[in-house]
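Enquirer: Handing over data11.txt, compact mmCIF, C-alpha atoms (C1' of nucleotides).
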```txt
# COMPACT_ATOMS: atom_id res chain seq x y z
CA MET A 1 -17.93 -9.84 23.58
CA ALA A 2 -16.95 -6.45 24.91
CA GLU A 3 -19.31 -3.52 24.71
CA ASP A 4 -17.32 -1.68 22.06
CA ALA A 5 -15.56 -4.59 20.39
CA LEU A 6 -15.41 -4.31 16.65
CA ASP A 7 -17.73 -7.30 16.25
CA ALA A 8 -20.35 -5.59 18.36
CA GLN A 9 -20.47 -2.48 16.25
CA ILE A 10 -23.44 -2.24 13.95
CA GLY A 11 -21.66 0.10 11.58
CA TYR A 12 -18.94 -2.46 11.00
CA ASN A 13 -21.40 -5.29 10.49
CA LEU A 14 -23.49 -3.12 8.18
CA ARG A 15 -20.43 -2.52 6.06
CA ARG A 16 -19.50 -6.19 5.95
CA ALA A 17 -23.03 -7.33 5.18
CA SER A 18 -23.42 -4.71 2.50
CA ALA A 19 -20.14 -5.68 0.88
CA PHE A 20 -21.22 -9.32 0.98
CA ALA A 21 -24.51 -8.50 -0.70
CA LEU A 22 -22.84 -6.28 -3.29
CA ASN A 23 -20.56 -9.15 -4.15
CA ASP A 24 -23.39 -11.59 -4.49
CA PHE A 25 -25.29 -9.13 -6.65
CA ALA A 26 -22.38 -9.10 -9.08
CA VAL A 27 -22.35 -12.89 -9.17
CA GLU A 28 -25.95 -12.94 -10.31
CA LEU A 29 -26.04 -9.94 -12.62
CA THR A 30 -22.67 -9.56 -14.33
CA ASP A 31 -24.01 -11.32 -17.40
CA ALA A 32 -26.78 -8.73 -17.56
CA ALA A 33 -24.07 -6.05 -17.20
CA LEU A 34 -26.05 -4.44 -14.41
CA ARG A 35 -24.51 -3.08 -11.27
CA PRO A 36 -26.50 -2.26 -8.14
CA VAL A 37 -26.67 1.42 -9.05
CA THR A 38 -27.73 0.92 -12.64
CA TYR A 39 -30.28 -1.70 -11.65
CA ALA A 40 -31.70 0.67 -9.05
CA MET A 41 -32.03 3.36 -11.67
CA LEU A 42 -33.81 1.06 -14.10
CA ALA A 43 -36.09 -0.36 -11.44
CA LEU A 44 -37.15 3.08 -10.29
CA ILE A 45 -37.70 4.41 -13.80
CA ASP A 46 -39.78 1.31 -14.41
CA GLU A 47 -41.87 1.96 -11.33
CA LYS A 48 -42.27 5.65 -12.08
CA PRO A 49 -42.21 6.14 -15.84
CA GLY A 50 -41.81 9.78 -16.78
CA ILE A 51 -39.76 10.51 -13.68
CA ARG A 52 -37.39 13.45 -13.90
CA ALA A 53 -33.66 12.90 -13.68
CA ALA A 54 -33.40 15.20 -10.67
CA GLU A 55 -36.13 13.27 -8.87
CA LEU A 56 -34.30 10.04 -9.61
CA CYS A 57 -31.21 11.55 -8.03
CA ARG A 58 -33.10 12.49 -4.91
CA LEU A 59 -34.76 9.12 -4.53
CA LEU A 60 -31.52 7.22 -5.00
CA GLY A 61 -29.38 9.61 -2.98
CA MET A 62 -27.09 10.34 -5.89
CA LYS A 63 -25.51 13.52 -7.14
CA SER A 64 -26.52 14.53 -10.64
CA ALA A 65 -22.81 14.71 -11.43
CA ASN A 66 -22.63 10.94 -10.98
CA MET A 67 -26.02 10.24 -12.45
CA ALA A 68 -25.32 11.94 -15.79
CA PRO A 69 -22.73 9.55 -17.21
CA LEU A 70 -24.73 6.55 -15.97
CA LEU A 71 -27.85 7.77 -17.75
CA ALA A 72 -25.76 8.34 -20.86
CA GLU A 73 -24.53 4.76 -20.62
CA LEU A 74 -28.04 3.38 -20.22
CA GLU A 75 -29.28 5.47 -23.12
CA GLU A 76 -26.33 4.31 -25.21
CA ARG A 77 -27.28 0.72 -24.46
CA GLY A 78 -30.81 1.38 -25.57
CA LEU A 79 -32.37 0.87 -22.16
CA VAL A 80 -33.47 4.38 -21.22
CA GLU A 81 -35.09 7.18 -23.20
CA ARG A 82 -34.56 10.83 -22.31
CA ASP A 83 -37.30 13.18 -23.50
CA ASP A 84 -37.78 16.88 -23.06
CA HIS A 85 -40.29 17.98 -20.49
CA ALA A 86 -43.30 19.81 -21.89
CA GLY A 87 -43.34 22.88 -19.70
CA ASP A 88 -39.79 23.09 -18.40
CA LYS A 89 -36.93 23.07 -20.84
CA ARG A 90 -34.40 22.25 -18.13
CA VAL A 91 -36.02 18.97 -17.28
CA GLN A 92 -35.42 15.55 -18.77
CA VAL A 93 -38.13 12.98 -18.49
CA LEU A 94 -37.05 9.38 -18.27
CA ALA A 95 -38.63 6.15 -19.40
CA LEU A 96 -37.53 2.63 -20.14
CA THR A 97 -37.30 1.61 -23.76
CA LYS A 98 -39.43 -1.23 -25.02
CA ALA A 99 -36.40 -3.50 -24.86
CA ALA A 100 -35.72 -2.60 -21.25
CA ARG A 101 -39.36 -3.09 -20.27
CA ALA A 102 -39.20 -6.52 -21.82
CA ALA A 103 -36.03 -7.40 -19.96
CA MET A 104 -37.03 -6.09 -16.56
CA PRO A 105 -39.05 -9.11 -15.39
CA GLY A 106 -36.06 -11.36 -15.94
CA TRP A 107 -33.74 -8.99 -14.16
CA ARG A 108 -36.15 -8.64 -11.27
CA GLN A 109 -36.23 -12.39 -10.98
CA GLN A 110 -32.44 -12.53 -10.97
CA VAL A 111 -32.44 -10.00 -8.16
CA ARG A 112 -34.95 -12.10 -6.25
CA ARG A 113 -32.66 -15.09 -6.64
CA HIS A 114 -29.76 -13.00 -5.43
CA GLU A 115 -31.69 -11.85 -2.38
CA ASP A 116 -32.81 -15.37 -1.58
CA ARG A 117 -29.21 -16.53 -1.76
CA PHE A 118 -27.52 -14.02 0.49
CA LEU A 119 -30.45 -14.03 2.90
CA HIS A 120 -30.86 -17.79 3.02
CA ARG A 121 -30.13 -17.95 6.74
CA LEU A 122 -32.92 -15.49 7.59
CA THR A 123 -36.55 -16.47 7.94
CA LYS A 124 -39.25 -14.51 6.14
CA LYS A 125 -40.12 -12.77 9.38
CA GLU A 126 -36.50 -11.90 10.05
CA ARG A 127 -36.20 -10.43 6.59
CA ALA A 128 -39.18 -8.20 7.21
CA THR A 129 -37.69 -7.09 10.50
CA LEU A 130 -34.34 -6.38 8.90
CA LEU A 131 -36.02 -4.34 6.18
CA ARG A 132 -37.85 -2.26 8.75
CA LEU A 133 -34.74 -1.62 10.84
CA LEU A 134 -32.60 -0.70 7.87
CA ARG A 135 -35.17 1.82 6.72
CA LEU A 136 -35.23 3.33 10.19
CA ILE A 137 -31.55 4.05 9.78
CA TRP A 138 -31.39 5.86 6.48
CA THR A 139 -34.82 7.28 5.72
CA ASP A 140 -35.99 10.61 7.08
CA ASP A 141 -39.70 10.26 6.69
CA ASP A 142 -41.68 7.20 7.69
CA MET B 1 -45.40 -1.92 -1.91
CA ALA B 2 -44.82 -4.49 -4.62
CA GLU B 3 -43.02 -7.71 -3.93
CA ASP B 4 -39.93 -6.79 -5.89
CA ALA B 5 -40.09 -3.02 -5.66
CA LEU B 6 -36.76 -1.39 -5.10
CA ASP B 7 -37.80 -0.22 -1.63
CA ALA B 8 -38.60 -3.80 -0.65
CA GLN B 9 -35.17 -5.11 -1.52
CA ILE B 10 -32.94 -5.72 1.42
CA GLY B 11 -29.79 -5.39 -0.65
CA TYR B 12 -30.76 -1.89 -1.68
CA ASN B 13 -31.63 -0.86 1.85
CA LEU B 14 -28.42 -2.42 3.15
CA ARG B 15 -26.48 -0.30 0.72
CA ARG B 16 -28.32 2.89 1.63
CA ALA B 17 -28.04 2.26 5.37
CA SER B 18 -24.37 1.40 5.08
CA ALA B 19 -23.67 4.54 3.09
CA PHE B 20 -25.55 6.57 5.68
CA ALA B 21 -23.51 5.07 8.49
CA LEU B 22 -20.24 5.52 6.60
CA ASN B 23 -21.09 9.16 6.17
CA ASP B 24 -21.88 9.64 9.82
CA PHE B 25 -18.65 7.89 10.77
CA ALA B 26 -16.73 10.48 8.79
CA VAL B 27 -18.59 13.28 10.57
CA GLU B 28 -17.43 11.99 13.94
CA LEU B 29 -13.91 10.85 13.12
CA THR B 30 -12.44 13.09 10.47
CA ASP B 31 -10.63 15.10 13.11
CA ALA B 32 -9.01 11.88 14.32
CA ALA B 33 -8.09 11.17 10.68
CA LEU B 34 -9.57 7.69 11.00
CA ARG B 35 -11.67 6.06 8.35
CA PRO B 36 -13.81 3.00 8.95
CA VAL B 37 -11.14 0.69 7.58
CA THR B 38 -8.26 2.15 9.51
CA TYR B 39 -10.31 2.27 12.69
CA ALA B 40 -11.25 -1.37 12.23
CA MET B 41 -7.60 -2.27 11.82
CA LEU B 42 -6.58 -0.41 14.95
CA ALA B 43 -9.48 -1.79 16.97
CA LEU B 44 -8.66 -5.34 16.01
CA ILE B 45 -4.94 -4.97 16.63
CA ASP B 46 -5.87 -3.51 20.00
CA GLU B 47 -8.06 -6.49 20.80
CA LYS B 48 -5.52 -9.02 19.56
CA PRO B 49 -2.03 -7.61 20.11
CA GLY B 50 0.60 -9.61 18.28
CA ILE B 51 -1.82 -10.50 15.48
CA ARG B 52 -0.29 -11.29 12.12
CA ALA B 53 -0.96 -9.07 9.14
CA ALA B 54 -2.39 -11.98 7.16
CA GLU B 55 -4.75 -12.83 10.01
CA LEU B 56 -5.87 -9.21 10.15
CA CYS B 57 -6.62 -9.42 6.43
CA ARG B 58 -8.74 -12.52 6.91
CA LEU B 59 -10.67 -11.12 9.85
CA LEU B 60 -11.42 -7.85 8.09
CA GLY B 61 -12.07 -9.41 4.70
CA MET B 62 -9.33 -7.41 3.04
CA LYS B 63 -6.74 -8.31 0.44
CA SER B 64 -3.16 -7.95 1.59
CA ALA B 65 -2.60 -5.81 -1.49
CA ASN B 66 -4.89 -3.20 0.03
CA MET B 67 -3.79 -3.76 3.59
CA ALA B 68 -0.10 -3.12 2.94
CA PRO B 69 -0.25 0.61 2.16
CA LEU B 70 -2.71 1.17 5.01
CA LEU B 71 -0.38 -0.50 7.49
CA ALA B 72 2.45 1.60 6.13
CA GLU B 73 0.36 4.71 6.70
CA LEU B 74 -0.49 3.72 10.27
CA GLU B 75 3.14 2.91 11.00
CA GLU B 76 4.18 6.23 9.48
CA ARG B 77 1.76 7.99 11.83
CA GLY B 78 3.27 6.18 14.79
CA LEU B 79 0.15 4.16 15.61
CA VAL B 80 1.20 0.64 14.68
CA GLU B 81 4.42 -1.32 15.17
CA ARG B 82 5.44 -4.07 12.78
CA ASP B 83 7.81 -6.67 14.25
CA ASP B 84 9.33 -9.81 12.81
CA HIS B 85 7.83 -13.08 13.87
CA ALA B 86 10.11 -15.33 15.88
CA GLY B 87 9.77 -18.56 13.97
CA ASP B 88 8.54 -17.50 10.54
CA LYS B 89 10.51 -14.91 8.63
CA ARG B 90 7.61 -14.18 6.27
CA VAL B 91 5.32 -13.05 9.04
CA GLN B 92 4.85 -9.59 10.47
CA VAL B 93 3.48 -9.26 13.95
CA LEU B 94 1.39 -6.19 14.71
CA ALA B 95 0.83 -4.15 17.83
CA LEU B 96 -0.38 -0.69 18.73
CA THR B 97 2.19 1.84 19.82
CA LYS B 98 1.94 3.38 23.27
CA ALA B 99 0.48 6.50 21.71
CA ALA B 100 -2.20 4.54 19.89
CA ARG B 101 -3.10 2.56 23.01
CA ALA B 102 -3.51 5.83 24.85
CA ALA B 103 -5.73 7.26 22.14
CA MET B 104 -7.95 4.21 21.60
CA PRO B 105 -10.37 4.82 24.50
CA GLY B 106 -11.21 8.24 23.12
CA TRP B 107 -11.65 6.91 19.63
CA ARG B 108 -13.84 4.07 20.89
CA GLN B 109 -16.01 6.62 22.63
CA GLN B 110 -16.31 8.65 19.46
CA VAL B 111 -17.43 5.52 17.65
CA ARG B 112 -20.00 4.88 20.36
CA ARG B 113 -21.32 8.41 19.89
CA HIS B 114 -21.45 7.83 16.14
CA GLU B 115 -23.39 4.59 16.57
CA ASP B 116 -25.81 6.20 19.00
CA ARG B 117 -26.43 8.96 16.50
CA PHE B 118 -27.17 6.97 13.37
CA LEU B 119 -29.10 4.36 15.36
CA HIS B 120 -31.08 6.82 17.44
CA ARG B 121 -34.40 5.58 16.04
CA LEU B 122 -33.72 1.98 17.11
CA THR B 123 -34.32 0.67 20.61
CA LYS B 124 -31.64 -1.29 22.41
CA LYS B 125 -33.49 -4.48 21.64
CA GLU B 126 -33.82 -3.60 17.98
CA ARG B 127 -30.10 -2.89 17.80
CA ALA B 128 -29.32 -6.32 19.19
CA THR B 129 -31.66 -7.90 16.66
CA LEU B 130 -30.11 -5.94 13.82
CA LEU B 131 -26.65 -7.01 14.91
CA ARG B 132 -27.69 -10.64 14.94
CA LEU B 133 -29.33 -10.50 11.52
CA LEU B 134 -26.43 -8.67 9.91
CA ARG B 135 -24.01 -11.28 11.21
CA LEU B 136 -26.21 -14.00 9.79
CA ILE B 137 -25.71 -12.46 6.39
CA TRP B 138 -21.97 -12.16 6.12
CA THR B 139 -20.39 -14.59 8.57
CA ASP B 140 -19.77 -18.22 7.71
CA ASP B 141 -19.49 -19.67 11.18
CA ASP B 142 -22.01 -19.17 13.98
C1' DA C 1 14.39 -32.47 -3.17
C1' DG C 2 10.79 -30.55 -5.64
C1' DA C 3 6.09 -28.80 -5.76
C1' DA C 4 2.64 -26.15 -3.69
C1' DA C 5 1.09 -22.89 -0.48
C1' DT C 6 1.77 -18.69 2.40
C1' DT C 7 3.24 -13.93 3.39
C1' DG C 8 3.86 -9.34 2.24
C1' DC C 9 4.45 -6.24 -1.39
C1' DT C 10 4.00 -3.08 -5.97
C1' DA C 11 1.51 -1.71 -9.89
C1' DT C 12 -2.69 -0.90 -11.85
C1' DG C 13 -7.71 -0.61 -13.11
C1' DT C 14 -12.60 -0.07 -11.75
C1' DT C 15 -16.34 1.68 -9.14
C1' DG C 16 -18.82 4.73 -6.08
C1' DC C 17 -18.98 9.04 -4.46
C1' DA C 18 -17.43 14.03 -3.49
C1' DT C 19 -16.50 18.97 -4.94
C1' DA C 20 -15.99 22.71 -8.15
C1' DG C 21 -17.55 25.06 -11.84
C1' DC C 22 -20.31 25.80 -15.99
C1' DT C 23 -24.70 26.91 -18.96
C1' DA C 24 -29.52 27.21 -19.56
C1' DT C 25 -33.83 27.86 -17.63
C1' DC C 26 -37.31 28.93 -14.26
C1' DG C 27 -39.55 31.43 -10.36
C1' DT C 28 -39.77 35.21 -7.22
C1' DG C 29 -39.73 39.77 -5.36
C1' DT C 30 -39.38 44.37 -6.01
C1' DA D 1 -40.02 44.23 -16.37
C1' DC D 2 -36.01 42.62 -14.66
C1' DA D 3 -32.40 41.27 -11.58
C1' DC D 4 -31.46 37.53 -8.42
C1' DG D 5 -31.51 33.16 -6.58
C1' DA D 6 -32.79 28.42 -7.24
C1' DT D 7 -33.00 24.41 -10.17
C1' DA D 8 -31.55 21.04 -13.89
C1' DG D 9 -28.17 18.81 -16.21
C1' DC D 10 -23.48 18.47 -17.41
C1' DT D 11 -17.95 18.09 -17.44
C1' DA D 12 -13.73 17.68 -15.11
C1' DT D 13 -11.38 15.97 -11.40
C1' DG D 14 -9.89 13.73 -7.03
C1' DC D 15 -10.25 10.25 -3.48
C1' DA D 16 -11.22 5.93 -1.09
C1' DA D 17 -12.41 1.07 -1.31
C1' DC D 18 -11.71 -2.86 -3.62
C1' DA D 19 -10.07 -6.23 -7.36
C1' DT D 20 -6.46 -8.65 -10.24
C1' DA D 21 -1.84 -9.72 -11.73
C1' DG D 22 2.52 -10.53 -10.71
C1' DC D 23 6.74 -10.77 -7.67
C1' DA D 24 10.24 -12.47 -4.08
C1' DA D 25 11.06 -14.76 0.10
C1' DT D 26 9.89 -18.37 2.94
C1' DT D 27 7.59 -22.39 4.73
C1' DT D 28 5.11 -26.76 4.30
C1' DC D 29 3.62 -30.80 1.97
C1' DT D 30 4.51 -35.04 -0.65
```
As structure tokens, how would this structure be written, given the file I've shared?
Expert:
Amino acid sequence: MAEDALDAQIGYNLRRASAFALNDFAVELTDAALRPVTYAMLALIDEKPGIRAAELCRLLGMKSANMAPLLAELEERGLVERDDHAGDKRVQVLALTKAARAAMPGWRQQVRRHEDRFLHRLTKKERATLLRLLRLIWTDDD
Amino acid sequence: MAEDALDAQIGYNLRRASAFALNDFAVELTDAALRPVTYAMLALIDEKPGIRAAELCRLLGMKSANMAPLLAELEERGLVERDDHAGDKRVQVLALTKAARAAMPGWRQQVRRHEDRFLHRLTKKERATLLRLLRLIWTDDD
DNA sequence: AGAAATTGCTATGTTGCATAGCTATCGTGT
DNA sequence: ACACGATAGCTATGCAACATAGCAATTTCT
């Protein structure tokens, strides 16, 4: 394999692997009507109840322009609550509804199944390595 | 970090890392007016001159519905030639034009620079490992 | 010969993400 | 105190990647 052959490029393989995983995610979670982005939002709100919308944007690398309609959708579906912040009228504070909190464990398990499926050829150690290397690519801090 | 925290999910990190790389690709190759998909097409046609369009679709995981307008664009720009296949009138045979063959080395070098930039925190060994693990995810054979 | 598969294409919808521009609010510096 | 810049959330809009449906021409299978 040549030095700069397409197959040898990590960017290309990242894109293919990501697309593959995205696809498999849909297989597992279409019935829950959750896409990777919406699941990520719910998971993070679950982990950090009371998080601000702007903080959610930063953590997920999204623009608030794209976040807004998604939050509206999740609120519409009765999964997310938006409350006013006490001291800052600009801020919205987010939390999962009772229904969403009840559903999260099942969704998390579906995601675990999904991960186990598309990673079935990697050992536990390899998965940990992959996780570490991927974070080295896109995170600033460490 | 919890077992099923968002940060611990490889799918999520794959998506973030891929998006990061995609972004950096654009930084390096907007002036060449090449996107990841079009570059991949050119690189593969360069490596396998005379390849059929359908085979290119299979290798890149694309639908011919999406490939067709991209090939038309590349032909329009004088980078790709589409010729009839000798024995099968359905088939189109692809090759780079002289101009594209002349430009490829420069583009390949730009891609190398791009990869070195977004992978700067990974050692050579780590890059090889990452490549291997990513291929384990999305390729069938091996 | 007839049925099924392949090739390349158009039309079209969805999703993720970008920019531009807006209002309301907050914090800072003078 | 007050103007200015930054922040928060939003709408409108465009683009690129990808999916499905359907089509016509051709080839291959039975």
Enquirer: Between B:Lys124, B:Lys63, B:Arg101, B:Lys48, single out the one closest to C:DT7, counting all atoms listed in the file.
Expert: B:Lys63
Enquirer: Mind fitting chain B onto chain A over all Cα atoms in sequence order and sending the result as a short mmCIF file (atom, residue, chain, number, x, y, z; two decimals) with C-alpha atoms, keeping the file's coordinate frame?
Expert:
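New file part_5.cif:
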```cif
data_model
loop_
_atom_site.label_atom_id
_atom_site.label_comp_id
_atom_site.auth_asym_id
_atom_site.auth_seq_id
_atom_site.Cartn_x
_atom_site.Cartn_y
_atom_site.Cartn_z
CA MET B 1 -17.95 -9.72 23.63
CA ALA B 2 -16.98 -6.30 24.91
CA GLU B 3 -19.33 -3.38 24.70
CA ASP B 4 -17.36 -1.55 22.06
CA ALA B 5 -15.61 -4.46 20.40
CA LEU B 6 -15.44 -4.21 16.66
CA ASP B 7 -17.75 -7.21 16.25
CA ALA B 8 -20.38 -5.49 18.38
CA GLN B 9 -20.51 -2.39 16.23
CA ILE B 10 -23.47 -2.19 13.95
CA GLY B 11 -21.71 0.14 11.55
CA TYR B 12 -18.97 -2.40 10.99
CA ASN B 13 -21.41 -5.24 10.48
CA LEU B 14 -23.51 -3.08 8.16
CA ARG B 15 -20.45 -2.49 6.05
CA ARG B 16 -19.48 -6.16 5.95
CA ALA B 17 -23.02 -7.31 5.18
CA SER B 18 -23.42 -4.69 2.49
CA ALA B 19 -20.14 -5.66 0.87
CA PHE B 20 -21.21 -9.30 0.98
CA ALA B 21 -24.50 -8.50 -0.70
CA LEU B 22 -22.84 -6.27 -3.30
CA ASN B 23 -20.55 -9.13 -4.16
CA ASP B 24 -23.38 -11.59 -4.51
CA PHE B 25 -25.28 -9.13 -6.68
CA ALA B 26 -22.36 -9.09 -9.09
CA VAL B 27 -22.34 -12.89 -9.18
CA GLU B 28 -25.95 -12.95 -10.32
CA LEU B 29 -26.04 -9.95 -12.64
CA THR B 30 -22.70 -9.58 -14.35
CA ASP B 31 -24.03 -11.35 -17.42
CA ALA B 32 -26.81 -8.76 -17.59
CA ALA B 33 -24.12 -6.08 -17.25
CA LEU B 34 -26.10 -4.47 -14.44
CA ARG B 35 -24.55 -3.12 -11.30
CA PRO B 36 -26.52 -2.28 -8.18
CA VAL B 37 -26.69 1.39 -9.10
CA THR B 38 -27.75 0.90 -12.67
CA TYR B 39 -30.29 -1.72 -11.67
CA ALA B 40 -31.72 0.64 -9.08
CA MET B 41 -32.04 3.34 -11.71
CA LEU B 42 -33.82 1.05 -14.13
CA ALA B 43 -36.09 -0.37 -11.45
CA LEU B 44 -37.14 3.06 -10.30
CA ILE B 45 -37.70 4.39 -13.80
CA ASP B 46 -39.78 1.28 -14.42
CA GLU B 47 -41.87 1.95 -11.34
CA LYS B 48 -42.25 5.65 -12.08
CA PRO B 49 -42.20 6.15 -15.85
CA GLY B 50 -41.81 9.79 -16.78
CA ILE B 51 -39.74 10.51 -13.67
CA ARG B 52 -37.36 13.43 -13.88
CA ALA B 53 -33.63 12.89 -13.67
CA ALA B 54 -33.35 15.19 -10.66
CA GLU B 55 -36.09 13.27 -8.87
CA LEU B 56 -34.28 10.02 -9.61
CA CYS B 57 -31.17 11.53 -8.05
CA ARG B 58 -33.05 12.46 -4.90
CA LEU B 59 -34.73 9.09 -4.54
CA LEU B 60 -31.50 7.17 -5.02
CA GLY B 61 -29.37 9.56 -3.00
CA MET B 62 -27.08 10.29 -5.91
CA LYS B 63 -25.46 13.47 -7.14
CA SER B 64 -26.47 14.50 -10.64
CA ALA B 65 -22.76 14.68 -11.43
CA ASN B 66 -22.59 10.92 -11.00
CA MET B 67 -25.99 10.21 -12.47
CA ALA B 68 -25.31 11.93 -15.80
CA PRO B 69 -22.72 9.53 -17.22
CA LEU B 70 -24.72 6.54 -15.99
CA LEU B 71 -27.84 7.77 -17.77
CA ALA B 72 -25.76 8.33 -20.87
CA GLU B 73 -24.52 4.75 -20.64
CA LEU B 74 -28.04 3.36 -20.24
CA GLU B 75 -29.29 5.45 -23.14
CA GLU B 76 -26.34 4.30 -25.24
CA ARG B 77 -27.30 0.69 -24.49
CA GLY B 78 -30.86 1.38 -25.60
CA LEU B 79 -32.42 0.87 -22.17
CA VAL B 80 -33.49 4.38 -21.24
CA GLU B 81 -35.11 7.20 -23.21
CA ARG B 82 -34.54 10.83 -22.28
CA ASP B 83 -37.27 13.22 -23.44
CA ASP B 84 -37.74 16.94 -22.98
CA HIS B 85 -40.24 18.04 -20.41
CA ALA B 86 -43.25 19.88 -21.77
CA GLY B 87 -43.26 22.94 -19.57
CA ASP B 88 -39.71 23.15 -18.24
CA LYS B 89 -36.86 23.18 -20.71
CA ARG B 90 -34.30 22.28 -18.04
CA VAL B 91 -35.95 19.00 -17.20
CA GLN B 92 -35.37 15.60 -18.72
CA VAL B 93 -38.10 13.03 -18.46
CA LEU B 94 -37.05 9.39 -18.25
CA ALA B 95 -38.63 6.17 -19.40
CA LEU B 96 -37.55 2.64 -20.16
CA THR B 97 -37.33 1.61 -23.78
CA LYS B 98 -39.47 -1.25 -25.04
CA ALA B 99 -36.45 -3.51 -24.88
CA ALA B 100 -35.75 -2.61 -21.27
CA ARG B 101 -39.38 -3.10 -20.27
CA ALA B 102 -39.25 -6.53 -21.84
CA ALA B 103 -36.07 -7.42 -19.99
CA MET B 104 -37.05 -6.10 -16.56
CA PRO B 105 -39.08 -9.13 -15.40
CA GLY B 106 -36.09 -11.38 -15.96
CA TRP B 107 -33.76 -9.01 -14.19
CA ARG B 108 -36.18 -8.66 -11.28
CA GLN B 109 -36.23 -12.42 -10.98
CA GLN B 110 -32.46 -12.56 -10.96
CA VAL B 111 -32.45 -10.02 -8.15
CA ARG B 112 -34.95 -12.13 -6.24
CA ARG B 113 -32.66 -15.13 -6.64
CA HIS B 114 -29.74 -13.02 -5.43
CA GLU B 115 -31.67 -11.87 -2.36
CA ASP B 116 -32.78 -15.41 -1.57
CA ARG B 117 -29.18 -16.54 -1.76
CA PHE B 118 -27.49 -14.02 0.49
CA LEU B 119 -30.42 -14.05 2.91
CA HIS B 120 -30.82 -17.81 3.02
CA ARG B 121 -30.07 -17.95 6.75
CA LEU B 122 -32.88 -15.50 7.60
CA THR B 123 -36.51 -16.50 7.94
CA LYS B 124 -39.22 -14.56 6.15
CA LYS B 125 -40.09 -12.84 9.39
CA GLU B 126 -36.49 -11.93 10.07
CA ARG B 127 -36.18 -10.47 6.59
CA ALA B 128 -39.18 -8.24 7.20
CA THR B 129 -37.70 -7.11 10.49
CA LEU B 130 -34.35 -6.40 8.88
CA LEU B 131 -36.03 -4.38 6.17
CA ARG B 132 -37.86 -2.30 8.73
CA LEU B 133 -34.77 -1.64 10.83
CA LEU B 134 -32.62 -0.73 7.85
CA ARG B 135 -35.21 1.78 6.69
CA LEU B 136 -35.27 3.29 10.15
CA ILE B 137 -31.60 4.03 9.76
CA TRP B 138 -31.43 5.84 6.47
CA THR B 139 -34.87 7.25 5.69
CA ASP B 140 -36.04 10.59 7.03
CA ASP B 141 -39.77 10.15 6.69
CA ASP B 142 -41.76 7.20 8.01
#
```
Enquirer: Could you list, as number ranges by chain, every residue of chain B that has an atom within 8 Å of an atom of chain D, counting all atoms listed in the file?
Expert: B: 66, 88-90
Enquirer: Let's have the selection written as an mmCIF file, in the coordinates of the input, with C-alpha atoms.
Expert:
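Output file out_29.cif follows:
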```
data_model
loop_
_atom_site.group_PDB
_atom_site.id
_atom_site.type_symbol
_atom_site.label_atom_id
_atom_site.label_comp_id
_atom_site.auth_asym_id
_atom_site.auth_seq_id
_atom_site.Cartn_x
_atom_site.Cartn_y
_atom_site.Cartn_z
ATOM 1 C CA ASN B 66 -4.890 -3.200 0.030
ATOM 2 C CA ASP B 88 8.540 -17.500 10.540
ATOM 3 C CA LYS B 89 10.510 -14.910 8.630
ATOM 4 C CA ARG B 90 7.610 -14.180 6.270
#
```
Enquirer: I need the residue nearest chain A from this list: C:DT28, C:DG16, C:DC22, C:DA5. Use all atoms listed in the file for the distance.
Expert: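 Residue with the minimum atom-to-atom distance to chain A: C:DG16.
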Enquirer: Counting only C-alpha atoms (C1' of nucleotides), a student should be able to say which residues of chain C come within 10 Å of chain B; what is the right answer, written as a ChimeraX atom specification?
Expert: /C:6-10,17
Enquirer: For chain B, list the residues within 8 Å of chain A, counting only C-alpha atoms, and write the list as a PyMOL selection string.
Expert: chain B and resi 4-6+8-18+20-22+36+40+43-44+47+108+112+115+118-119+121-122+126-127+130-131+133-138
Enquirer: So what do you get for atom CA of A:Cys57 versus atom CA of A:Trp107, distance-wise?
Expert: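 Separation between atom CA of A:Cys57 and atom CA of A:Trp107: 21.6 Å.
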Enquirer: Between atom CA of B:Leu79 and atom CA of B:Ala95, what is the distance, to one decimal in Å?
Expert: 8.6 Å
Enquirer: When you draw a straight line from atom CA of B:Met62 to atom CA of B:Leu94, how long is it in Å?
Expert: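 Taking atom CA of B:Met62 as the start and atom CA of B:Leu94 as the end point, the length is 15.9 Å.
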Enquirer: Give me the residues near A:Gly78 as a list in words, where near means some atom within 12 Å (using all atoms listed in the file) and where sequence neighbours in that chain fewer than 5 positions away do not count.
Expert: Leu42, Leu71, Ala72, Glu73, Ala95, Leu96, Thr97, Lys98, Ala99, Ala100, Arg101 and Ala103 of chain A
